[in-house]
$ cat entry_37.txt   # compact mmCIF, C-alpha atoms
# COMPACT_ATOMS: atom_id res chain seq x y z
CA MET H 20 3.46 11.38 37.31
CA PHE H 21 6.23 9.16 35.91
CA ASP H 22 8.81 11.41 37.54
CA THR H 23 11.70 9.21 36.41
CA LEU H 24 10.95 9.94 32.74
CA ASP H 25 12.19 13.05 30.97
CA THR H 26 9.72 14.70 28.63
CA PRO H 27 8.44 14.67 26.01
CA VAL H 28 8.16 10.89 25.79
CA LEU H 29 5.75 8.26 24.48
CA LEU H 30 3.70 6.16 26.90
CA ILE H 31 1.91 2.97 25.85
CA ASN H 32 -0.79 1.48 28.04
CA GLU H 33 -0.29 -2.28 27.71
CA ASP H 34 -3.78 -3.21 28.91
CA THR H 35 -5.41 -0.92 26.36
CA VAL H 36 -3.24 -2.34 23.58
CA GLU H 37 -4.33 -5.87 24.51
CA ASP H 38 -7.98 -4.80 24.59
CA ASN H 39 -7.63 -3.21 21.15
CA LEU H 40 -5.93 -6.29 19.69
CA LYS H 41 -8.58 -8.59 21.14
CA ARG H 42 -11.45 -6.42 19.90
CA MET H 43 -10.22 -6.28 16.31
CA ALA H 44 -9.36 -9.99 16.23
CA SER H 45 -12.86 -10.80 17.52
CA ARG H 46 -14.43 -8.49 14.94
CA ALA H 47 -12.54 -10.14 12.08
CA LEU H 48 -13.45 -13.61 13.32
CA ALA H 49 -17.12 -12.71 13.75
CA HIS H 50 -17.30 -11.43 10.16
CA GLY H 51 -15.28 -14.29 8.68
CA VAL H 52 -12.48 -12.16 7.27
CA ALA H 53 -8.72 -12.53 7.50
CA LEU H 54 -6.78 -10.00 9.57
CA ARG H 55 -3.49 -8.68 8.20
CA PRO H 56 -2.70 -5.56 10.24
CA HIS H 57 -0.49 -2.76 9.01
CA SER H 58 2.65 -2.43 11.11
CA LYS H 59 3.34 1.16 10.03
CA THR H 60 1.56 2.37 13.17
CA HIS H 61 3.74 0.70 15.78
CA LYS H 62 6.86 -0.17 13.71
CA SER H 63 7.69 -2.83 16.28
CA PRO H 64 8.36 -6.56 15.68
CA GLN H 65 7.36 -7.21 19.29
CA LEU H 66 3.88 -5.82 18.69
CA ALA H 67 3.63 -7.45 15.28
CA TRP H 68 4.14 -10.80 16.97
CA ARG H 69 1.36 -9.93 19.43
CA GLN H 70 -0.93 -9.28 16.47
CA LEU H 71 -0.11 -12.70 15.05
CA GLN H 72 -0.78 -14.27 18.43
CA TRP H 73 -4.22 -12.66 18.28
CA GLY H 74 -4.95 -14.38 14.98
CA ALA H 75 -3.46 -12.23 12.22
CA ASN H 76 -2.40 -14.25 9.16
CA GLY H 77 0.60 -12.03 8.49
CA ILE H 78 1.43 -8.35 8.59
CA MET H 79 1.54 -5.46 6.19
CA VAL H 80 4.43 -3.05 5.77
CA ALA H 81 4.77 0.05 3.65
CA LYS H 82 8.42 0.06 2.62
CA LEU H 83 11.20 -2.48 2.23
CA GLY H 84 13.05 -1.00 5.21
CA GLU H 85 10.16 -2.02 7.45
CA ALA H 86 10.09 -5.43 5.79
CA GLU H 87 13.78 -5.93 6.63
CA VAL H 88 13.23 -5.16 10.31
CA MET H 89 10.23 -7.47 10.55
CA LEU H 90 11.98 -10.29 8.69
CA ASP H 91 14.99 -10.03 11.00
CA ALA H 92 12.55 -10.75 13.84
CA GLY H 93 11.22 -13.86 12.08
CA LEU H 94 8.09 -12.33 10.54
CA ARG H 95 8.06 -13.85 7.06
CA GLU H 96 4.46 -13.45 5.86
CA GLN H 97 4.27 -9.84 4.74
CA THR H 98 2.25 -7.72 2.35
CA ILE H 99 4.36 -4.91 0.91
CA GLY H 100 1.89 -2.16 0.25
CA TYR H 101 4.00 0.46 -1.46
CA PRO H 102 4.79 0.25 -5.21
CA LEU H 103 8.28 -1.09 -5.88
CA ILE H 104 9.92 0.65 -8.82
CA GLY H 105 13.58 0.62 -9.87
CA GLN H 106 16.59 -1.68 -9.86
CA LEU H 107 17.64 -0.83 -6.31
CA LYS H 108 14.25 -1.89 -4.99
CA GLU H 109 14.36 -5.09 -7.02
CA ASP H 110 17.79 -6.02 -5.69
CA ARG H 111 16.76 -5.39 -2.09
CA LEU H 112 13.58 -7.40 -2.56
CA VAL H 113 15.50 -10.34 -4.03
CA SER H 114 17.90 -10.26 -1.09
CA LEU H 115 15.01 -10.37 1.37
CA MET H 116 13.35 -13.24 -0.49
CA HIS H 117 16.59 -15.21 -0.38
CA LYS H 118 16.57 -14.65 3.39
CA GLY H 119 13.10 -16.17 3.71
CA LEU H 120 10.63 -13.37 3.09
CA LYS H 121 7.28 -14.66 1.78
CA PRO H 122 5.88 -11.46 0.28
CA ARG H 123 2.61 -10.43 -1.23
CA PHE H 124 2.38 -7.21 -3.22
CA SER H 125 -0.03 -4.55 -4.38
CA VAL H 126 0.47 -3.23 -7.91
CA ASP H 127 -1.20 -0.73 -10.20
CA SER H 128 1.14 -0.71 -13.21
CA VAL H 129 2.83 -2.93 -15.77
CA GLU H 130 6.14 -1.53 -14.56
CA GLY H 131 5.43 -2.80 -11.07
CA ILE H 132 4.48 -6.24 -12.40
CA THR H 133 7.66 -6.41 -14.45
CA LEU H 134 9.78 -5.80 -11.35
CA LEU H 135 7.94 -8.58 -9.51
CA GLN H 136 8.42 -10.93 -12.45
CA ARG H 137 12.18 -10.33 -12.47
CA ALA H 138 12.37 -10.85 -8.70
CA ALA H 139 10.39 -14.08 -8.99
CA MET H 140 12.68 -15.38 -11.73
CA ARG H 141 15.79 -14.53 -9.69
CA THR H 142 14.41 -16.42 -6.68
CA ALA H 143 12.75 -19.29 -8.58
CA THR H 144 9.37 -18.64 -7.00
CA VAL H 145 5.88 -17.39 -7.76
CA VAL H 146 4.75 -14.21 -6.00
CA PRO H 147 1.11 -13.22 -5.39
CA ALA H 148 0.01 -9.73 -6.34
CA LEU H 149 -3.14 -7.74 -5.62
CA ILE H 150 -4.27 -5.00 -7.95
CA GLU H 151 -4.68 -1.75 -6.08
CA VAL H 152 -8.04 -0.14 -6.70
CA ASP H 153 -8.80 3.54 -6.15
CA THR H 154 -12.18 3.72 -4.40
CA GLY H 155 -12.02 7.46 -3.75
CA MET H 156 -8.71 8.19 -2.04
CA ASN H 157 -7.26 9.54 -5.30
CA ARG H 158 -3.80 8.29 -4.51
CA CYS H 159 -2.33 5.08 -5.95
CA GLY H 160 -4.66 2.57 -7.55
CA LEU H 161 -6.62 2.11 -10.75
CA GLY H 162 -9.86 4.03 -11.00
CA THR H 163 -11.80 2.28 -13.77
CA ILE H 164 -12.97 -1.29 -14.20
CA PRO H 165 -11.47 -1.65 -17.72
CA GLN H 166 -8.05 -0.66 -16.30
CA ILE H 167 -8.38 -3.20 -13.52
CA ILE H 168 -9.40 -6.01 -15.87
CA GLU H 169 -6.58 -5.17 -18.29
CA LEU H 170 -3.94 -5.27 -15.56
CA ALA H 171 -5.39 -8.48 -14.11
CA GLN H 172 -5.04 -10.07 -17.54
CA VAL H 173 -1.40 -8.93 -17.65
CA LEU H 174 -0.85 -10.52 -14.24
CA ARG H 175 -2.43 -13.78 -15.34
CA GLN H 176 -0.18 -13.93 -18.39
CA THR H 177 3.04 -13.03 -16.54
CA PRO H 178 5.23 -15.98 -15.48
CA GLY H 179 6.28 -15.91 -11.86
CA VAL H 180 3.45 -13.62 -10.74
CA LYS H 181 0.00 -14.71 -9.60
CA PHE H 182 -3.15 -12.61 -9.73
CA ALA H 183 -4.39 -12.98 -6.16
CA GLY H 184 -7.14 -10.38 -5.98
CA ILE H 185 -7.72 -6.69 -5.37
CA THR H 186 -6.82 -4.29 -2.58
CA CYS H 187 -7.89 -0.79 -1.61
CA PHE H 188 -7.53 1.78 1.12
CA GLY H 189 -10.65 3.79 1.82
CA GLY H 190 -8.99 6.57 3.77
CA HIS H 191 -11.33 9.08 2.21
CA VAL H 192 -14.29 7.70 4.18
CA ALA H 193 -12.95 9.39 7.32
CA LYS H 194 -12.48 12.83 5.74
CA THR H 195 -15.82 13.77 7.24
CA ARG H 196 -16.68 13.77 10.94
CA ASP H 197 -20.30 12.90 10.25
CA LYS H 198 -21.07 9.28 11.18
CA ASP H 199 -23.91 8.87 8.69
CA ALA H 200 -21.67 10.20 5.92
CA ILE H 201 -18.92 7.74 6.89
CA VAL H 202 -21.35 4.83 6.73
CA THR H 203 -22.67 6.05 3.37
CA ARG H 204 -19.16 6.23 1.91
CA ILE H 205 -18.29 2.75 3.16
CA ARG H 206 -21.49 1.37 1.63
CA GLU H 207 -20.61 3.07 -1.65
CA GLU H 208 -17.15 1.52 -1.51
CA ASN H 209 -18.65 -1.89 -0.86
CA GLY H 210 -20.94 -1.46 -3.86
CA LEU H 211 -18.03 -0.47 -6.08
CA LEU H 212 -15.99 -3.48 -4.97
CA ILE H 213 -18.94 -5.80 -5.65
CA GLN H 214 -19.16 -4.37 -9.16
CA ILE H 215 -15.41 -4.77 -9.76
CA VAL H 216 -15.43 -8.38 -8.55
CA SER H 217 -18.45 -9.17 -10.71
CA GLU H 218 -16.78 -7.75 -13.83
CA LEU H 219 -13.52 -9.57 -13.08
CA ARG H 220 -15.33 -12.88 -12.72
CA ALA H 221 -17.22 -12.26 -15.93
CA ALA H 222 -13.84 -11.86 -17.63
CA GLY H 223 -12.66 -15.17 -16.20
CA LEU H 224 -10.55 -13.54 -13.49
CA ASP H 225 -11.56 -14.70 -10.02
CA PRO H 226 -10.08 -12.58 -7.21
CA GLU H 227 -9.35 -14.83 -4.27
CA ILE H 228 -8.63 -11.90 -1.94
CA ILE H 229 -10.61 -8.68 -1.58
CA SER H 230 -8.54 -6.68 0.89
CA GLU H 231 -9.73 -3.51 2.60
CA GLY H 232 -7.36 -1.20 4.47
CA GLY H 233 -8.01 1.24 7.27
CA THR H 234 -9.11 1.19 10.89
CA VAL H 235 -12.24 3.23 10.23
CA ALA H 236 -13.47 0.82 7.56
CA ALA H 237 -12.71 -2.11 9.88
CA ALA H 238 -14.81 -0.49 12.59
CA PHE H 239 -17.81 -0.56 10.24
CA LEU H 240 -17.09 -4.03 8.88
CA GLU H 241 -20.76 -4.96 8.73
CA GLU H 242 -21.03 -2.48 5.83
CA LEU H 243 -18.15 -4.14 3.90
CA GLN H 244 -19.78 -7.43 3.02
CA ILE H 245 -17.52 -8.13 0.03
CA ALA H 246 -14.21 -7.94 1.91
CA THR H 247 -12.31 -11.16 2.63
CA GLU H 248 -9.43 -9.44 4.45
CA ILE H 249 -8.92 -6.28 6.50
CA ARG H 250 -5.67 -4.35 7.07
CA PRO H 251 -6.19 -1.92 9.96
CA GLY H 252 -3.16 -0.23 11.46
CA THR H 253 -4.11 2.57 13.83
CA TYR H 254 -6.42 0.35 15.92
CA ILE H 255 -3.57 -0.99 18.06
CA TYR H 256 -3.13 2.49 19.63
CA ASN H 257 -5.96 4.64 18.22
CA ASP H 258 -5.79 8.45 18.25
CA ALA H 259 -7.88 11.61 18.17
CA ALA H 260 -8.69 11.15 14.48
CA THR H 261 -9.91 7.59 15.07
CA VAL H 262 -12.17 8.79 17.87
CA ALA H 263 -13.47 11.63 15.70
CA SER H 264 -14.32 9.05 13.02
CA TYR H 265 -16.40 6.92 15.43
CA ALA H 266 -13.92 4.04 15.15
CA ALA H 267 -12.76 4.20 18.78
CA ARG H 268 -13.49 5.75 22.17
CA TRP H 269 -11.14 7.97 24.15
CA GLU H 270 -10.52 5.10 26.55
CA ASP H 271 -9.30 3.01 23.59
CA CYS H 272 -6.38 5.38 22.97
CA ALA H 273 -3.37 3.40 24.18
CA LEU H 274 -0.57 5.80 23.28
CA THR H 275 -0.05 9.26 24.72
CA VAL H 276 2.76 11.79 24.75
CA LEU H 277 3.81 12.73 28.27
CA THR H 278 4.63 16.44 28.36
CA THR H 279 5.59 19.10 30.89
CA VAL H 280 4.03 22.55 31.22
CA VAL H 281 7.00 24.87 30.72
CA SER H 282 5.28 28.24 30.54
CA LYS H 283 2.04 29.95 31.57
CA PRO H 284 2.18 33.47 30.13
CA ALA H 285 -1.51 34.03 30.80
CA SER H 286 -4.15 32.42 32.97
CA ASN H 287 -5.83 30.94 29.89
CA ARG H 288 -2.68 29.87 27.99
CA ILE H 289 -0.04 27.26 28.75
CA VAL H 290 2.87 25.90 26.73
CA VAL H 291 4.04 22.28 26.87
CA ASP H 292 7.35 20.85 25.65
CA ALA H 293 5.81 18.90 22.75
CA GLY H 294 5.56 20.59 19.37
CA SER H 295 5.46 19.42 15.79
CA LYS H 296 8.77 17.54 16.17
CA THR H 297 7.11 15.43 18.86
CA LEU H 298 3.47 15.18 17.80
CA SER H 299 3.70 15.78 14.02
CA PHE H 300 1.68 18.45 12.27
CA ASP H 301 -1.16 16.20 11.09
CA GLY H 302 -4.54 17.74 11.62
CA PRO H 303 -6.14 19.68 12.92
CA VAL H 304 -8.73 17.31 14.38
CA GLY H 305 -11.59 19.35 15.71
CA ASN H 306 -9.91 22.54 16.82
CA GLY H 307 -6.46 21.28 17.64
CA TYR H 308 -3.32 19.20 17.32
CA GLY H 309 -3.66 16.82 20.24
CA VAL H 310 -6.07 16.32 23.12
CA VAL H 311 -5.36 16.28 26.85
CA LYS H 312 -6.03 12.76 28.12
CA GLY H 313 -9.13 12.66 30.25
CA CYS H 314 -10.07 16.21 29.28
CA PRO H 315 -11.24 16.16 25.63
CA GLN H 316 -12.50 19.73 25.98
CA TRP H 317 -8.86 20.87 26.03
CA CYS H 318 -6.63 20.52 22.99
CA LEU H 319 -3.42 22.03 21.69
CA SER H 320 -4.55 24.89 19.49
CA ARG H 321 -1.12 25.68 18.02
CA LEU H 322 2.19 23.94 17.43
CA SER H 323 5.62 25.18 16.56
CA GLU H 324 8.65 22.91 16.36
CA GLU H 325 9.18 22.50 20.11
CA HIS H 326 6.11 24.21 21.59
CA GLY H 327 2.55 23.06 22.04
CA VAL H 328 0.15 25.84 22.98
CA LEU H 329 -3.08 25.19 24.83
CA GLU H 330 -5.50 28.10 25.02
CA SER H 331 -8.94 28.42 26.55
CA GLN H 332 -11.63 31.07 26.98
CA ASP H 333 -11.44 30.47 30.72
CA PRO H 334 -8.50 30.18 33.16
CA LEU H 335 -6.71 26.85 32.92
CA PRO H 336 -6.09 24.75 36.05
CA PHE H 337 -2.53 23.83 35.04
CA HIS H 338 0.72 25.20 36.43
CA ILE H 339 4.35 25.29 35.35
CA GLY H 340 5.88 21.90 36.10
CA ASP H 341 2.60 19.99 35.75
CA ARG H 342 2.67 16.95 33.49
CA LEU H 343 -0.01 16.24 30.92
CA GLU H 344 -0.62 13.28 28.64
CA ILE H 345 -1.56 14.27 25.10
CA VAL H 346 -3.48 11.97 22.75
CA PRO H 347 -2.01 12.72 19.30
CA ASN H 348 -4.10 13.47 16.26
CA HIS H 349 -2.34 10.86 14.11
CA VAL H 350 -0.50 8.23 16.06
CA CYS H 351 1.36 6.73 13.08
CA THR H 352 3.30 9.89 12.28
CA THR H 353 3.83 10.61 15.98
CA VAL H 354 5.41 7.20 16.62
CA ASN H 355 7.74 7.66 13.65
CA LEU H 356 9.26 10.70 15.39
CA HIS H 357 10.46 8.69 18.40
CA ASP H 358 13.16 6.10 19.03
CA ARG H 359 11.40 4.43 21.92
CA ALA H 360 8.29 4.35 24.08
CA PHE H 361 7.68 3.30 27.66
CA LEU H 362 5.19 0.59 28.50
CA VAL H 363 2.79 1.30 31.33
CA ARG H 364 0.35 -0.83 33.31
CA ALA H 365 -1.74 0.56 36.19
CA SER H 366 0.38 3.76 36.18
CA VAL H 367 3.57 1.75 36.65
CA ILE H 368 6.35 1.64 34.05
CA THR H 369 6.79 -1.99 33.02
CA GLY H 370 9.35 -1.73 30.23
CA MET H 371 10.59 0.04 27.14
CA LEU H 372 9.64 -0.59 23.52
CA GLU H 373 12.04 0.24 20.72
CA VAL H 374 10.46 1.77 17.62
CA ALA H 375 12.64 -0.52 15.54
CA ALA H 376 11.45 0.56 12.09
CA ARG H 377 11.39 4.26 12.86
CA GLY H 378 12.35 6.47 9.91
CA LEU H 379 12.74 3.59 7.44
CA VAL H 380 11.16 5.35 4.49
CA GLN H 381 13.15 3.60 1.75
$ encode --input "entry_37.txt" --output "structure tokens"
Amino acid sequence: MFDTLDTPVLLINEDTVEDNLKRMASRALAHGVALRPHSKTHKSPQLAWRQLQWGANGIMVAKLGEAEVMLDAGLREQTIGYPLIGQLKEDRLVSLMHKGLKPRFSVDSVEGITLLQRAAMRTATVVPALIEVDTGMNRCGLGTIPQIIELAQVLRQTPGVKFAGITCFGGHVAKTRDKDAIVTRIREENGLLIQIVSELRAAGLDPEIISEGGTVAAAFLEELQIATEIRPGTYIYNDAATVASYAARWEDCALTVLTTVVSKPASNRIVVDAGSKTLSFDGPVGNGYGVVKGCPQWCLSRLSEEHGVLESQDPLPFHIGDRLEIVPNHVCTTVNLHDRAFLVRASVITGMLEVAARGLVQ
């Protein structure tokens, strides 16, 4: 299987990617919401352009380094999701705006707004900003309605910055593997967002955009009636966690890690050449750190840096030299560990994809 490729290496099934892009674009269209996918999953301008061709109104990036790569490829409409704090970030942002970047931002502090104001003044423009709301992730974002209204009023009074709406990431909804619980959490999030929007409007602050992040939330979009925009990322590839959260099927997983069995110390234990430096240590999902493609009953039970260990109660049908494809637990962190991936269609290698924004964490 793919004998010309050394392992471990990423494989991307092009047909599955296209199916995933089409499905999400159709879902957004059917529910009347804008689609602004997060590029942190694939980190590839080539795939970002495919997302735009499928109807996305722009892309989202996490850090300025990703924004630079995407802008160099002509992708101007970007939401920068991570808080920008400090003079170095301001200077880099201004440089990108002078080069043609048309950014939108998420903020949760006066300090963040002040940086955006200075950047807007230096580029003679007005920049839109969304207030980040904490709906249960307990990460960035404001957690009370009075805080949100107060910051929205600051935005409205700040020259060069426009209050454009609110944004959230409901990653906490997928912390359970119970489908009913996931639906309940999404409904609760929808109710909270309805309340926030109502209070903002009562204060004379009308949020044009209500933006919801996450592939799991997007998969249950019928429960998010208040959203005007979705920002899924993982959906382009999917992974074991997405499947476990009822947001995808195994056949929707477009990216795998091709590995080689390098050791079989016992009949029920094999070792492959993909460890935490290849797959990342995110997880476990279910009982493991990656699932054998086509055989979801088998997963990697342990990882060290260069070793993936698959153990079973019964003898395993694999031998030294066999090649296995592993569906990673978290595809975003897996992709960020690799410089390139190979594109595959009908078991034939069709090309290579550079992970252009790999490692750009600044």
$ atom_distance --input "entry_37.txt" --atom1 "CA of Glu218 (chain H)" --atom2 "CA of Gly184 (chain H)"
12.7 Å
$ closest_residue --input "entry_37.txt" --among "H:Gly119, H:Trp73, H:Gly131, H:Phe188" --to "Leu40 (chain H)" --atoms "only C-alpha atoms"
H:Trp73
$ residues_around --input "entry_37.txt" --residues "region 286-300 of chain H" --least-positions-apart "5" --cutoff "6 Å" --atoms "only C-alpha atoms" --output "ChimeraX atom specification"
/H:27,278-281,322-331,333-335,353
$ write_last_selection --input "entry_37.txt" --atoms "C-alpha atoms" --output "PDB file, in the coordinates of the input"
ATOM      1  CA  PRO H  27       8.440  14.670  26.010  1.00  0.00           C
ATOM      2  CA  THR H 278       4.630  16.440  28.360  1.00  0.00           C
ATOM      3  CA  THR H 279       5.590  19.100  30.890  1.00  0.00           C
ATOM      4  CA  VAL H 280       4.030  22.550  31.220  1.00  0.00           C
ATOM      5  CA  VAL H 281       7.000  24.870  30.720  1.00  0.00           C
ATOM      6  CA  LEU H 322       2.190  23.940  17.430  1.00  0.00           C
ATOM      7  CA  SER H 323       5.620  25.180  16.560  1.00  0.00           C
ATOM      8  CA  GLU H 324       8.650  22.910  16.360  1.00  0.00           C
ATOM      9  CA  GLU H 325       9.180  22.500  20.110  1.00  0.00           C
ATOM     10  CA  HIS H 326       6.110  24.210  21.590  1.00  0.00           C
ATOM     11  CA  GLY H 327       2.550  23.060  22.040  1.00  0.00           C
ATOM     12  CA  VAL H 328       0.150  25.840  22.980  1.00  0.00           C
ATOM     13  CA  LEU H 329      -3.080  25.190  24.830  1.00  0.00           C
ATOM     14  CA  GLU H 330      -5.500  28.100  25.020  1.00  0.00           C
ATOM     15  CA  SER H 331      -8.940  28.420  26.550  1.00  0.00           C
ATOM     16  CA  ASP H 333     -11.440  30.470  30.720  1.00  0.00           C
ATOM     17  CA  PRO H 334      -8.500  30.180  33.160  1.00  0.00           C
ATOM     18  CA  LEU H 335      -6.710  26.850  32.920  1.00  0.00           C
ATOM     19  CA  THR H 353       3.830  10.610  15.980  1.00  0.00           C
TER      20      THR H 353
END
$ closest_residue --input "entry_37.txt" --among "H:Gln166, H:Ser217, H:Asn348, H:Ser282" --to "Asp301 (chain H)" --atoms "all atoms listed in the file"
H:Asn348
$ closest_residue --input "entry_37.txt" --among "H:Cys318, H:Met20, H:Thr352, H:Thr26" --to "Val380 (chain H)" --atoms "all atoms listed in the file"
H:Thr352
$ residues_around --input "entry_37.txt" --residues "Gly309 (chain H)" --least-positions-apart "2" --cutoff "6 Å" --atoms "only C-alpha atoms" --output "PDB file with C-alpha atoms, keeping the file's coordinate frame"
ATOM      1  CA  GLY H 307      -6.460  21.280  17.640  1.00  0.00           C
ATOM      2  CA  CYS H 318      -6.630  20.520  22.990  1.00  0.00           C
ATOM      3  CA  LEU H 319      -3.420  22.030  21.690  1.00  0.00           C
ATOM      4  CA  ILE H 345      -1.560  14.270  25.100  1.00  0.00           C
ATOM      5  CA  VAL H 346      -3.480  11.970  22.750  1.00  0.00           C
ATOM      6  CA  PRO H 347      -2.010  12.720  19.300  1.00  0.00           C
ATOM      7  CA  ASN H 348      -4.100  13.470  16.260  1.00  0.00           C
TER       8      ASN H 348
END
